Amino acid sequence: MALSEKLVALFLIALVILLFLGLLLFRSTRASPEQRFGFIAAVFVQLIGTIAFGAVVSYSLFAIQHAQELSEKQRGDVDVAAANKKRVISYIKAELSYDLDAIKVKRGAGTVLDFAIQKTPLKSEFWKIAGLSGDLKWIDDVELLNLVADAYFNVDNVRNWEARF
Amino acid sequence: MTVNVGGQSMPMRDFVKNFVRDTYAPAAITVEAALAKL
């Protein structure tokens with residue numbers, strides 16, 4: 001049970017107890033009809049005021065608690081997004097580093113290019129999977145995405161020509 | 001199998017070999033540029 005709900009429950013219990021005690025006092029007190037009417041009117045007005053006050057306090061507590069929860073959730077979402085971005089970038093970096101090494105090997109392969117092509121094939125599997133699964137959304141830098149997409153375009157171009165070789 | 005390149009006949013295998021080598025340079029440049037920013 002949330003704090004605001006506990007306070008509302010406590011307030012309602014206290015209200016019922018006060019009403020019960022007031023009723024006992026009212027029944028045990030000898031008074032004229034005018035005095036009894038005045039007493040009832042005073043209790044009624046006080047009851048309305050107390051309920052209104054309690055409602056305002058409860059709503060304020062609820063609003064504060066809701067704002068705190070929302071703030072914590074937003075902070076959590078930002079942390080998750082940053083962690084996912086870091087992870088996706090690390091995988092892309094590893095894949096492109098492998099491709100760069102493979103390209104360097106092949107550029108220096110000379111007469112054994114066909115052997116080098118078979119031995120160190122280029123890869124863009126993570127990039128494709130990340131695109132299909134929607135994980136690229138974590139990279140919120142469009143210019144960086146464009147650079148990476150450009151690199152993979154060239155890698156795939158090389159792969160296509162290597163397949164014909 | 002041969003291909004005509006600039007009016008000269010060239011074996012398809014040599015043509016593809018040269019083309020593959022030509023594609024490595026731009027690929028290396030763009031991959032290095034992306035890695036530098038990552």
# chains A, B, ... in the order shown; residues from 1 in each chain; ligands from 1
>>> residues_around(residues="A:Leu144", least_positions_apart="6", cutoff="8 Å", atoms="only C-alpha atoms", output="list in words")
Ala34, Lys37 and Leu38 of chain B
>>> write_last_selection(atoms="N, CA and C atoms", output="PDB file, in the first residue's frame")
ATOM      1  N   ALA B  34      34.041   5.518 -39.743  1.00  0.00           N
ATOM      2  CA  ALA B  34      32.992   5.123 -38.788  1.00  0.00           C
ATOM      3  C   ALA B  34      33.601   4.706 -37.450  1.00  0.00           C
ATOM      4  N   LYS B  37      34.571   7.512 -35.206  1.00  0.00           N
ATOM      5  CA  LYS B  37      33.457   8.214 -34.535  1.00  0.00           C
ATOM      6  C   LYS B  37      32.766   7.351 -33.483  1.00  0.00           C
ATOM      7  N   LEU B  38      32.949   6.045 -33.594  1.00  0.00           N
ATOM      8  CA  LEU B  38      32.246   5.145 -32.652  1.00  0.00           C
ATOM      9  C   LEU B  38      32.906   5.162 -31.266  1.00  0.00           C
TER      10      LEU B  38
END
>>> select_by_dssp(residues="chain B", states="alpha helix (DSSP H)", output="list in words")
Met12, Arg13, Asp14, Phe15, Val16, Lys17, Asn18, Phe19, Val20, Arg21, Asp22, Thr23, Tyr24, Ala25, Pro26, Ala27, Ala28, Ile29, Thr30, Val31, Glu32, Ala33, Ala34, Leu35, Ala36 and Lys37 of chain B
>>> write_last_selection(atoms="N, CA and C atoms", output="PDB file, in the first residue's frame")
ATOM      1  N   MET B  12      37.359 -12.280 -67.562  1.00  0.00           N
ATOM      2  CA  MET B  12      36.394 -11.901 -66.508  1.00  0.00           C
ATOM      3  C   MET B  12      37.014 -12.003 -65.113  1.00  0.00           C
ATOM      4  N   ARG B  13      37.812 -13.047 -64.895  1.00  0.00           N
ATOM      5  CA  ARG B  13      38.430 -13.246 -63.581  1.00  0.00           C
ATOM      6  C   ARG B  13      39.360 -12.085 -63.224  1.00  0.00           C
ATOM      7  N   ASP B  14      40.144 -11.628 -64.215  1.00  0.00           N
ATOM      8  CA  ASP B  14      41.034 -10.492 -63.951  1.00  0.00           C
ATOM      9  C   ASP B  14      40.251  -9.218 -63.695  1.00  0.00           C
ATOM     10  N   PHE B  15      39.168  -9.059 -64.473  1.00  0.00           N
ATOM     11  CA  PHE B  15      38.333  -7.861 -64.294  1.00  0.00           C
ATOM     12  C   PHE B  15      37.750  -7.818 -62.879  1.00  0.00           C
ATOM     13  N   VAL B  16      37.207  -8.942 -62.453  1.00  0.00           N
ATOM     14  CA  VAL B  16      36.615  -8.989 -61.106  1.00  0.00           C
ATOM     15  C   VAL B  16      37.680  -8.797 -60.040  1.00  0.00           C
ATOM     16  N   LYS B  17      38.857  -9.402 -60.266  1.00  0.00           N
ATOM     17  CA  LYS B  17      39.953  -9.269 -59.310  1.00  0.00           C
ATOM     18  C   LYS B  17      40.336  -7.797 -59.123  1.00  0.00           C
ATOM     19  N   ASN B  18      40.464  -7.101 -60.255  1.00  0.00           N
ATOM     20  CA  ASN B  18      40.792  -5.669 -60.174  1.00  0.00           C
ATOM     21  C   ASN B  18      39.670  -4.883 -59.493  1.00  0.00           C
ATOM     22  N   PHE B  19      38.451  -5.278 -59.843  1.00  0.00           N
ATOM     23  CA  PHE B  19      37.319  -4.542 -59.274  1.00  0.00           C
ATOM     24  C   PHE B  19      37.238  -4.741 -57.760  1.00  0.00           C
ATOM     25  N   VAL B  20      37.476  -5.981 -57.346  1.00  0.00           N
ATOM     26  CA  VAL B  20      37.467  -6.270 -55.901  1.00  0.00           C
ATOM     27  C   VAL B  20      38.519  -5.422 -55.204  1.00  0.00           C
ATOM     28  N   ARG B  21      39.718  -5.364 -55.816  1.00  0.00           N
ATOM     29  CA  ARG B  21      40.796  -4.567 -55.210  1.00  0.00           C
ATOM     30  C   ARG B  21      40.416  -3.090 -55.164  1.00  0.00           C
ATOM     31  N   ASP B  22      39.718  -2.634 -56.197  1.00  0.00           N
ATOM     32  CA  ASP B  22      39.310  -1.225 -56.225  1.00  0.00           C
ATOM     33  C   ASP B  22      38.287  -0.910 -55.137  1.00  0.00           C
ATOM     34  N   THR B  23      37.489  -1.885 -54.798  1.00  0.00           N
ATOM     35  CA  THR B  23      36.453  -1.610 -53.786  1.00  0.00           C
ATOM     36  C   THR B  23      37.004  -1.628 -52.362  1.00  0.00           C
ATOM     37  N   TYR B  24      38.172  -2.205 -52.154  1.00  0.00           N
ATOM     38  CA  TYR B  24      38.737  -2.256 -50.798  1.00  0.00           C
ATOM     39  C   TYR B  24      39.089  -0.861 -50.265  1.00  0.00           C
ATOM     40  N   ALA B  25      39.609  -0.015 -51.159  1.00  0.00           N
ATOM     41  CA  ALA B  25      40.050   1.318 -50.705  1.00  0.00           C
ATOM     42  C   ALA B  25      38.901   2.154 -50.127  1.00  0.00           C
ATOM     43  N   PRO B  26      37.792   2.344 -50.892  1.00  0.00           N
ATOM     44  CA  PRO B  26      36.684   3.120 -50.285  1.00  0.00           C
ATOM     45  C   PRO B  26      36.080   2.441 -49.067  1.00  0.00           C
ATOM     46  N   ALA B  27      36.065   1.113 -49.081  1.00  0.00           N
ATOM     47  CA  ALA B  27      35.523   0.404 -47.911  1.00  0.00           C
ATOM     48  C   ALA B  27      36.389   0.674 -46.684  1.00  0.00           C
ATOM     49  N   ALA B  28      37.702   0.604 -46.881  1.00  0.00           N
ATOM     50  CA  ALA B  28      38.604   0.856 -45.747  1.00  0.00           C
ATOM     51  C   ALA B  28      38.444   2.281 -45.228  1.00  0.00           C
ATOM     52  N   ILE B  29      38.300   3.232 -46.149  1.00  0.00           N
ATOM     53  CA  ILE B  29      38.171   4.648 -45.739  1.00  0.00           C
ATOM     54  C   ILE B  29      36.901   4.863 -44.923  1.00  0.00           C
ATOM     55  N   THR B  30      35.790   4.346 -45.428  1.00  0.00           N
ATOM     56  CA  THR B  30      34.518   4.575 -44.709  1.00  0.00           C
ATOM     57  C   THR B  30      34.470   3.806 -43.387  1.00  0.00           C
ATOM     58  N   VAL B  31      35.048   2.601 -43.385  1.00  0.00           N
ATOM     59  CA  VAL B  31      35.060   1.834 -42.126  1.00  0.00           C
ATOM     60  C   VAL B  31      35.936   2.537 -41.090  1.00  0.00           C
ATOM     61  N   GLU B  32      37.081   3.050 -41.525  1.00  0.00           N
ATOM     62  CA  GLU B  32      37.956   3.778 -40.585  1.00  0.00           C
ATOM     63  C   GLU B  32      37.269   5.037 -40.062  1.00  0.00           C
ATOM     64  N   ALA B  33      36.552   5.724 -40.948  1.00  0.00           N
ATOM     65  CA  ALA B  33      35.840   6.945 -40.533  1.00  0.00           C
ATOM     66  C   ALA B  33      34.766   6.611 -39.500  1.00  0.00           C
ATOM     67  N   ALA B  34      34.041   5.518 -39.743  1.00  0.00           N
ATOM     68  CA  ALA B  34      32.992   5.123 -38.788  1.00  0.00           C
ATOM     69  C   ALA B  34      33.601   4.706 -37.450  1.00  0.00           C
ATOM     70  N   LEU B  35      34.685   3.947 -37.516  1.00  0.00           N
ATOM     71  CA  LEU B  35      35.336   3.496 -36.275  1.00  0.00           C
ATOM     72  C   LEU B  35      35.881   4.673 -35.467  1.00  0.00           C
ATOM     73  N   ALA B  36      36.351   5.676 -36.175  1.00  0.00           N
ATOM     74  CA  ALA B  36      36.891   6.851 -35.476  1.00  0.00           C
ATOM     75  C   ALA B  36      35.806   7.583 -34.693  1.00  0.00           C
ATOM     76  N   LYS B  37      34.571   7.512 -35.206  1.00  0.00           N
ATOM     77  CA  LYS B  37      33.457   8.214 -34.535  1.00  0.00           C
ATOM     78  C   LYS B  37      32.766   7.351 -33.483  1.00  0.00           C
TER      79      LYS B  37
END
>>> residues_around(residues="B:Pro11", least_positions_apart="6", cutoff="9 Å", atoms="only C-alpha atoms", output="list in words")
Met1, Thr2, Val3 and Asn4 of chain B
>>> residues_around(residues="A:Asp114", least_positions_apart="5", cutoff="10 Å", atoms="only C-alpha atoms", output="PyMOL selection string")
(chain A and resi 106+109+119+162+165) or (chain B and resi 17)
>>> interface_residues(of="chain A", to="chain B", cutoff="12 Å", atoms="only C-alpha atoms", output="ChimeraX atom specification")
/A:85-114,117,122,124,139,141,143-165
>>> select_by_dssp(residues="chain B", states="strand (DSSP E)", output="ChimeraX atom specification")
/B:2-5,8-11
>>> write_last_selection(atoms="C-alpha atoms", output="PDB file, in the first residue's frame")
ATOM      1  CA  THR B   2      36.009 -12.148 -71.295  1.00  0.00           C
ATOM      2  CA  VAL B   3      34.743  -8.623 -70.803  1.00  0.00           C
ATOM      3  CA  ASN B   4      35.382  -5.538 -72.918  1.00  0.00           C
ATOM      4  CA  VAL B   5      37.061  -2.818 -70.857  1.00  0.00           C
ATOM      5  CA  GLN B   8      40.276  -4.139 -74.746  1.00  0.00           C
ATOM      6  CA  SER B   9      39.281  -7.665 -74.044  1.00  0.00           C
ATOM      7  CA  MET B  10      40.035  -8.822 -70.514  1.00  0.00           C
ATOM      8  CA  PRO B  11      39.376 -12.127 -68.804  1.00  0.00           C
TER       9      PRO B  11
END
>>> atom_distance(atom1="atom CA of A:Leu24", atom2="atom CA of A:Leu7")
25.7 Å
>>> atom_distance(atom1="atom CA of A:Val80", atom2="atom CA of A:Asp135")
12.5 Å
>>> atom_distance(atom1="atom CA of A:Asp79", atom2="atom CA of A:Gly131")
21.6 Å
>>> decode(residues="chain B", atoms="C-alpha atoms", output="PDB file, in the first residue's frame")
ATOM      1  CA  MET B   1      34.801 -15.658 -70.488  1.00  0.00           C
ATOM      2  CA  THR B   2      36.009 -12.148 -71.295  1.00  0.00           C
ATOM      3  CA  VAL B   3      34.743  -8.623 -70.803  1.00  0.00           C
ATOM      4  CA  ASN B   4      35.382  -5.538 -72.918  1.00  0.00           C
ATOM      5  CA  VAL B   5      37.061  -2.818 -70.857  1.00  0.00           C
ATOM      6  CA  GLY B   6      37.995   0.383 -72.664  1.00  0.00           C
ATOM      7  CA  GLY B   7      38.018  -1.377 -76.016  1.00  0.00           C
ATOM      8  CA  GLN B   8      40.276  -4.139 -74.746  1.00  0.00           C
ATOM      9  CA  SER B   9      39.281  -7.665 -74.044  1.00  0.00           C
ATOM     10  CA  MET B  10      40.035  -8.822 -70.514  1.00  0.00           C
ATOM     11  CA  PRO B  11      39.376 -12.127 -68.804  1.00  0.00           C
ATOM     12  CA  MET B  12      36.394 -11.901 -66.508  1.00  0.00           C
ATOM     13  CA  ARG B  13      38.430 -13.246 -63.581  1.00  0.00           C
ATOM     14  CA  ASP B  14      41.034 -10.492 -63.951  1.00  0.00           C
ATOM     15  CA  PHE B  15      38.333  -7.861 -64.294  1.00  0.00           C
ATOM     16  CA  VAL B  16      36.615  -8.989 -61.106  1.00  0.00           C
ATOM     17  CA  LYS B  17      39.953  -9.269 -59.310  1.00  0.00           C
ATOM     18  CA  ASN B  18      40.792  -5.669 -60.174  1.00  0.00           C
ATOM     19  CA  PHE B  19      37.319  -4.542 -59.274  1.00  0.00           C
ATOM     20  CA  VAL B  20      37.467  -6.270 -55.901  1.00  0.00           C
ATOM     21  CA  ARG B  21      40.796  -4.567 -55.210  1.00  0.00           C
ATOM     22  CA  ASP B  22      39.310  -1.225 -56.225  1.00  0.00           C
ATOM     23  CA  THR B  23      36.453  -1.610 -53.786  1.00  0.00           C
ATOM     24  CA  TYR B  24      38.737  -2.256 -50.798  1.00  0.00           C
ATOM     25  CA  ALA B  25      40.050   1.318 -50.705  1.00  0.00           C
ATOM     26  CA  PRO B  26      36.684   3.120 -50.285  1.00  0.00           C
ATOM     27  CA  ALA B  27      35.523   0.404 -47.911  1.00  0.00           C
ATOM     28  CA  ALA B  28      38.604   0.856 -45.747  1.00  0.00           C
ATOM     29  CA  ILE B  29      38.171   4.648 -45.739  1.00  0.00           C
ATOM     30  CA  THR B  30      34.518   4.575 -44.709  1.00  0.00           C
ATOM     31  CA  VAL B  31      35.060   1.834 -42.126  1.00  0.00           C
ATOM     32  CA  GLU B  32      37.956   3.778 -40.585  1.00  0.00           C
ATOM     33  CA  ALA B  33      35.840   6.945 -40.533  1.00  0.00           C
ATOM     34  CA  ALA B  34      32.992   5.123 -38.788  1.00  0.00           C
ATOM     35  CA  LEU B  35      35.336   3.496 -36.275  1.00  0.00           C
ATOM     36  CA  ALA B  36      36.891   6.851 -35.476  1.00  0.00           C
ATOM     37  CA  LYS B  37      33.457   8.214 -34.535  1.00  0.00           C
ATOM     38  CA  LEU B  38      32.246   5.145 -32.652  1.00  0.00           C
TER      39      LEU B  38
END
